[in-house]
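Structure file run-v8.tsv with TSV, C-alpha atoms:
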chain	number	residue	atom	x	y	z
A	1	MET	CA	11.40	12.51	19.33
A	2	ARG	CA	13.78	10.41	17.29
A	3	GLU	CA	14.79	11.34	13.77
A	4	GLY	CA	15.14	8.79	11.03
A	5	GLU	CA	18.49	8.06	9.42
A	6	GLY	CA	20.06	10.70	7.21
A	7	LEU	CA	18.49	11.06	3.79
A	8	ALA	CA	21.67	10.84	1.69
A	9	SER	CA	21.48	7.05	1.57
A	10	LEU	CA	17.80	7.27	0.68
A	11	ASP	CA	18.73	9.43	-2.32
A	12	ALA	CA	20.93	6.56	-3.47
A	13	ALA	CA	18.18	3.98	-2.97
A	14	LEU	CA	15.79	6.13	-4.99
A	15	GLY	CA	18.30	6.67	-7.78
A	16	HIS	CA	17.73	10.42	-7.68
A	17	ARG	CA	19.67	13.28	-6.09
A	18	PHE	CA	17.17	15.85	-4.89
A	19	ALA	CA	17.69	19.45	-5.94
A	20	ASP	CA	15.26	20.33	-3.13
A	21	PRO	CA	16.02	18.00	-0.19
A	22	GLY	CA	13.12	19.55	1.68
A	23	LEU	CA	10.71	17.64	-0.52
A	24	LEU	CA	12.18	14.31	0.50
A	25	GLU	CA	12.24	15.36	4.14
A	26	GLN	CA	8.56	16.23	3.93
A	27	ALA	CA	7.80	12.87	2.30
A	28	VAL	CA	9.17	10.98	5.33
A	29	THR	CA	7.73	13.27	8.05
A	30	HIS	CA	4.76	11.93	10.02
A	31	ALA	CA	1.92	14.24	11.03
A	32	SER	CA	2.48	13.32	14.69
A	33	LEU	CA	5.66	15.38	14.83
A	34	PRO	CA	5.30	18.86	16.34
A	35	GLY	CA	4.68	21.16	13.41
A	36	GLY	CA	4.34	18.19	11.08
A	37	ALA	CA	0.58	18.22	10.59
A	38	GLY	CA	-0.50	19.97	7.40
A	39	SER	CA	1.93	21.11	4.75
A	40	GLY	CA	4.93	19.92	6.79
A	41	ASP	CA	4.07	16.22	6.67
A	42	TYR	CA	3.81	13.58	3.96
A	43	GLU	CA	0.05	13.63	3.38
A	44	ARG	CA	-0.12	16.20	0.55
A	45	LEU	CA	2.74	14.47	-1.23
A	46	GLU	CA	0.99	11.13	-0.70
A	47	PHE	CA	-2.07	12.51	-2.50
A	48	LEU	CA	0.08	13.52	-5.47
A	49	GLY	CA	2.19	10.36	-5.47
A	50	ASP	CA	-0.91	8.17	-5.54
A	51	ARG	CA	-1.99	9.77	-8.82
A	52	VAL	CA	1.49	9.62	-10.34
A	53	LEU	CA	1.83	5.95	-9.40
A	54	GLY	CA	-1.56	5.19	-10.96
A	55	LEU	CA	-0.65	6.86	-14.24
A	56	VAL	CA	2.73	5.15	-14.53
A	57	ILE	CA	1.42	1.70	-13.58
A	58	ALA	CA	-1.47	2.02	-16.04
A	59	ASP	CA	0.99	2.93	-18.79
A	60	LEU	CA	3.33	0.05	-17.91
A	61	LEU	CA	0.47	-2.47	-17.94
A	62	TYR	CA	-0.98	-1.12	-21.17
A	63	ARG	CA	2.36	-1.66	-22.90
A	64	ARG	CA	3.32	-4.93	-21.17
A	65	PHE	CA	0.03	-6.73	-21.87
A	66	PRO	CA	-1.18	-5.48	-25.27
A	67	GLY	CA	-3.67	-8.32	-25.73
A	68	GLU	CA	-5.53	-7.96	-22.44
A	69	SER	CA	-8.95	-6.38	-22.02
A	70	GLU	CA	-9.84	-3.74	-19.45
A	71	GLY	CA	-11.03	-6.24	-16.83
A	72	PRO	CA	-7.80	-8.20	-16.36
A	73	LEU	CA	-5.76	-5.00	-16.61
A	74	ALA	CA	-7.87	-3.45	-13.85
A	75	LYS	CA	-7.20	-6.45	-11.59
A	76	ARG	CA	-3.48	-6.19	-12.19
A	77	PHE	CA	-3.62	-2.45	-11.57
A	78	ALA	CA	-5.46	-2.84	-8.25
A	79	ALA	CA	-2.86	-5.30	-6.99
A	80	LEU	CA	0.09	-3.16	-8.05
A	81	VAL	CA	-1.13	0.07	-6.45
A	82	SER	CA	-2.35	-1.68	-3.29
A	83	GLY	CA	-1.00	-0.87	0.13
A	84	ASP	CA	0.57	-4.32	0.34
A	85	CYS	CA	2.61	-3.77	-2.81
A	86	LEU	CA	3.63	-0.27	-1.75
A	87	ALA	CA	4.70	-1.51	1.67
A	88	ARG	CA	6.86	-4.22	0.08
A	89	VAL	CA	8.57	-1.66	-2.14
A	90	ALA	CA	9.07	0.62	0.87
A	91	ALA	CA	10.69	-2.24	2.78
A	92	SER	CA	12.94	-3.08	-0.16
A	93	ILE	CA	14.47	0.43	-0.13
A	94	GLY	CA	14.69	0.60	3.67
A	95	LEU	CA	12.24	3.47	3.88
A	96	GLY	CA	11.30	2.72	7.49
A	97	ARG	CA	14.77	3.67	8.71
A	98	HIS	CA	14.35	7.17	7.33
A	99	LEU	CA	10.91	8.05	8.69
A	100	ARG	CA	10.66	11.12	10.95
A	101	LEU	CA	8.31	10.05	13.75
A	102	SER	CA	7.15	11.28	17.13
A	103	ARG	CA	8.22	9.32	20.18
A	104	GLY	CA	4.76	7.82	20.42
A	105	GLU	CA	4.80	6.56	16.83
A	106	GLU	CA	8.32	5.26	17.34
A	107	GLU	CA	7.38	3.31	20.44
A	108	THR	CA	4.32	1.75	18.80
A	109	GLY	CA	6.35	0.35	15.90
A	110	GLY	CA	5.69	3.03	13.32
A	111	ARG	CA	8.80	2.20	11.31
A	112	ALA	CA	7.40	-1.26	10.57
A	113	ASN	CA	3.76	-0.20	10.15
A	114	ALA	CA	2.75	-1.43	6.69
A	115	GLY	CA	0.09	1.25	6.23
A	116	LEU	CA	2.46	4.04	7.15
A	117	LEU	CA	5.20	2.65	4.91
A	118	ALA	CA	2.76	2.45	1.99
A	119	ASP	CA	1.62	6.04	2.49
A	120	CYS	CA	5.17	7.36	2.74
A	121	CYS	CA	6.19	5.41	-0.35
A	122	GLU	CA	3.47	7.25	-2.28
A	123	ALA	CA	4.71	10.51	-0.76
A	124	VAL	CA	8.24	9.74	-1.94
A	125	ILE	CA	6.89	9.21	-5.45
A	126	GLY	CA	5.18	12.59	-5.20
A	127	ALA	CA	8.44	14.18	-4.09
A	128	LEU	CA	10.32	12.57	-6.99
A	129	TYR	CA	7.73	13.95	-9.39
A	130	LEU	CA	7.98	17.49	-8.04
A	131	ASP	CA	11.78	17.48	-7.92
A	132	GLY	CA	12.63	15.63	-11.12
A	133	GLY	CA	9.41	15.55	-13.12
A	134	LEU	CA	7.61	12.52	-14.44
A	135	PRO	CA	10.83	10.88	-15.77
A	136	ALA	CA	12.31	10.67	-12.24
A	137	ALA	CA	9.15	9.24	-10.71
A	138	ALA	CA	8.54	6.86	-13.63
A	139	ALA	CA	12.11	5.54	-13.50
A	140	PHE	CA	11.74	4.70	-9.81
A	141	ILE	CA	8.37	3.02	-10.34
A	142	ALA	CA	9.50	1.05	-13.38
A	143	ARG	CA	12.55	-0.24	-11.50
A	144	HIS	CA	10.79	-1.28	-8.30
A	145	TRP	CA	7.53	-2.52	-9.80
A	146	GLU	CA	9.13	-4.63	-12.53
A	147	GLY	CA	9.36	-7.62	-10.20
A	148	PRO	CA	5.72	-7.51	-9.06
A	149	ILE	CA	4.52	-7.03	-12.65
A	150	GLU	CA	6.48	-10.04	-13.89
A	151	ALA	CA	6.00	-12.22	-10.80
A	152	ASP	CA	2.51	-13.38	-11.76
A	153	LEU	CA	1.65	-13.18	-15.43
A	154	ALA	CA	-1.90	-14.33	-14.70
A	155	PRO	CA	-4.19	-11.47	-13.64
A	156	PRO	CA	-4.57	-11.45	-9.84
A	157	GLN	CA	-8.01	-11.92	-8.33
A	158	ASP	CA	-9.31	-9.79	-5.50
A	159	PRO	CA	-9.69	-12.01	-2.37
A	160	ARG	CA	-13.24	-10.77	-1.78
A	161	THR	CA	-14.26	-11.80	-5.29
A	162	ALA	CA	-12.52	-15.16	-4.92
A	163	LEU	CA	-14.22	-15.80	-1.57
A	164	GLN	CA	-17.62	-14.90	-3.02
A	165	GLU	CA	-17.10	-17.24	-5.96
A	166	TRP	CA	-15.97	-20.02	-3.59
A	167	ALA	CA	-19.18	-19.68	-1.57
A	168	GLN	CA	-21.44	-19.45	-4.62
A	169	ALA	CA	-19.88	-22.55	-6.17
A	170	ARG	CA	-20.95	-24.50	-3.07
A	171	GLY	CA	-24.46	-23.07	-2.85
A	172	LEU	CA	-23.67	-21.07	0.29
A	173	LYS	CA	-24.84	-17.59	1.23
A	174	LEU	CA	-22.58	-14.70	0.30
A	175	PRO	CA	-19.82	-13.84	2.81
A	176	ALA	CA	-20.96	-11.45	5.56
A	177	TYR	CA	-18.62	-8.63	6.60
A	178	GLU	CA	-18.70	-6.74	9.90
A	179	THR	CA	-16.48	-3.96	11.23
A	180	VAL	CA	-15.64	-5.07	14.77
A	181	GLN	CA	-13.12	-2.43	15.81
A	182	GLU	CA	-12.03	1.11	14.98
A	183	ALA	CA	-8.96	2.43	16.78
A	184	GLY	CA	-6.23	5.04	16.55
A	185	PRO	CA	-6.21	8.78	15.88
A	186	PRO	CA	-8.12	10.27	12.91
A	187	HIS	CA	-4.94	10.73	10.87
A	188	ASP	CA	-3.82	7.12	11.39
A	189	PRO	CA	-6.86	4.88	12.03
A	190	THR	CA	-6.93	1.11	12.19
A	191	PHE	CA	-9.99	-0.95	11.31
A	192	VAL	CA	-10.65	-4.60	12.08
A	193	VAL	CA	-13.19	-6.36	9.87
A	194	ARG	CA	-14.59	-9.87	10.39
A	195	VAL	CA	-15.91	-12.00	7.54
A	196	ALA	CA	-17.96	-15.17	7.87
A	197	VAL	CA	-19.28	-17.86	5.57
A	198	ALA	CA	-22.08	-20.00	7.01
A	199	GLY	CA	-20.76	-23.22	8.52
A	200	PHE	CA	-17.14	-22.11	8.86
A	201	PRO	CA	-15.17	-20.20	11.51
A	202	PRO	CA	-14.89	-16.47	10.70
A	203	ALA	CA	-11.63	-14.65	10.01
A	204	GLU	CA	-10.47	-11.11	10.69
A	205	GLY	CA	-8.25	-8.61	8.94
A	206	SER	CA	-6.91	-5.21	9.97
A	207	ALA	CA	-5.80	-2.23	7.90
A	208	ARG	CA	-5.98	1.55	7.74
A	209	SER	CA	-9.22	1.50	5.73
A	210	LYS	CA	-12.35	-0.62	6.03
A	211	ARG	CA	-12.00	-1.74	2.42
A	212	ALA	CA	-8.43	-2.94	2.91
A	213	ALA	CA	-9.34	-4.63	6.19
A	214	ALA	CA	-12.21	-6.47	4.48
A	215	THR	CA	-9.83	-7.60	1.75
A	216	ALA	CA	-7.34	-8.86	4.34
A	217	ALA	CA	-10.11	-10.72	6.19
A	218	ALA	CA	-11.35	-12.32	2.97
A	219	GLY	CA	-7.84	-13.42	2.10
A	220	ALA	CA	-7.34	-14.98	5.54
A	221	LEU	CA	-10.65	-16.85	5.42
A	222	LEU	CA	-10.12	-18.01	1.85
A	223	GLN	CA	-6.68	-19.37	2.74
A	224	HIS	CA	-8.16	-21.24	5.70
A	225	LEU	CA	-10.92	-22.71	3.52
A	226	LEU	CA	-8.47	-23.79	0.83
A	227	ASP	CA	-6.20	-25.35	3.44
A	228	ARG	CA	-9.19	-27.50	4.46
A	229	ARG	CA	-9.28	-28.68	0.83
A	230	GLY	CA	-12.83	-27.36	0.63

Would you mind writing the file's structure down as structure tokens?
Amino acid sequence: MREGEGLASLDAALGHRFADPGLLEQAVTHASLPGGAGSGDYERLEFLGDRVLGLVIADLLYRRFPGESEGPLAKRFAALVSGDCLARVAASIGLGRHLRLSRGEEETGGRANAGLLADCCEAVIGALYLDGGLPAAAAFIARHWEGPIEADLAPPQDPRTALQEWAQARGLKLPAYETVQEAGPPHDPTFVVRVAVAGFPPAEGSARSKRAAATAAAGALLQHLLDRRG
């Protein structure tokens, strides 16, 4: 078993000195560690952090885009709380270096696993909330989500919706999705989903949920179709 790097530098990256360092340690502890499963790992904190992130992002969007209706705001929200966005934030603060993983997770590239990084990022937000209250968590979120919020002032479109609209505009049948693989342990599954549009080669996407895998597959196929100038 290999431990992640010391947590002092992570404190600095988070902009918060933990009064209870055990909370941060729990937030970066994978369930695969001996004794990690249950209250000793990140999963309970992930549950809390997900809700805190949602509240803060909703508030930021409500204030940043006062003229937008619920629909565009919901699209922005979905993109900003997505696993992809969380994984990018996790990478930006070097979270992978601090993860506490079993040897097996270490050897299979757990420190670079986007799904794991996203989950632990939510857990870190939960830990910030418990240790420093909403102000500590909100300050971290506002700082690290400012770039994504400002990067694209047009509301993002879900790839599955975009792919469906692409097919409908050309009189084609709706995209067909199929789960072609389920792998990994129950606490860390991986799904592979294939999507096809009649007359074109299918594409696949993988993620830790079927929904996210379908989204990844749709994005891959849509990019291929657009590259063909279709």

Of the listed residues A:Tyr177, A:Tyr42, A:Phe191, A:Phe77, that which approaches Leu221 of chain A most closely, counting all atoms listed in the file: A:Tyr177

From the set A:Leu80, A:Ala114, A:Ala176, A:Ile149, which residue has the shortest atom-to-atom contact distance to Arg64 of chain A, counting all atoms listed in the file?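 That would be A:Ile149, the residue with the smallest distance to Arg64 of chain A.
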
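The two atoms in question, atom CA of Ala198 of chain A and atom CA of Asp158 of chain A, are spaced 20.6 Å apart.
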
For Arg170 of chain A, list every protein, DNA or RNA residue within 12 Å, evaluated using all atoms listed in the file, and leave out those in the same chain fewer than 4 positions away; present the list as a ChimeraX atom specification. /A:163-166,174,197-199,230

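Interatomic distance, atom CA of Ala138 of chain A to atom CA of Leu53 of chain A: 8.0 Å.
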
Segment 11-16 of chain A: which residues within 10 Å, counting all atoms listed in the file, same-chain residues fewer than 5 positions away excluded, as a list in words?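 In the requested form, the answer reads Gly6, Pro21, Leu24, Ser92, Ile93, Gly94, Leu95, Val124, Ile125, Leu128, Asp131, Gly132, Ala136, Ala137, Ala139, Phe140, Ile141, Arg143 and His144 of chain A.
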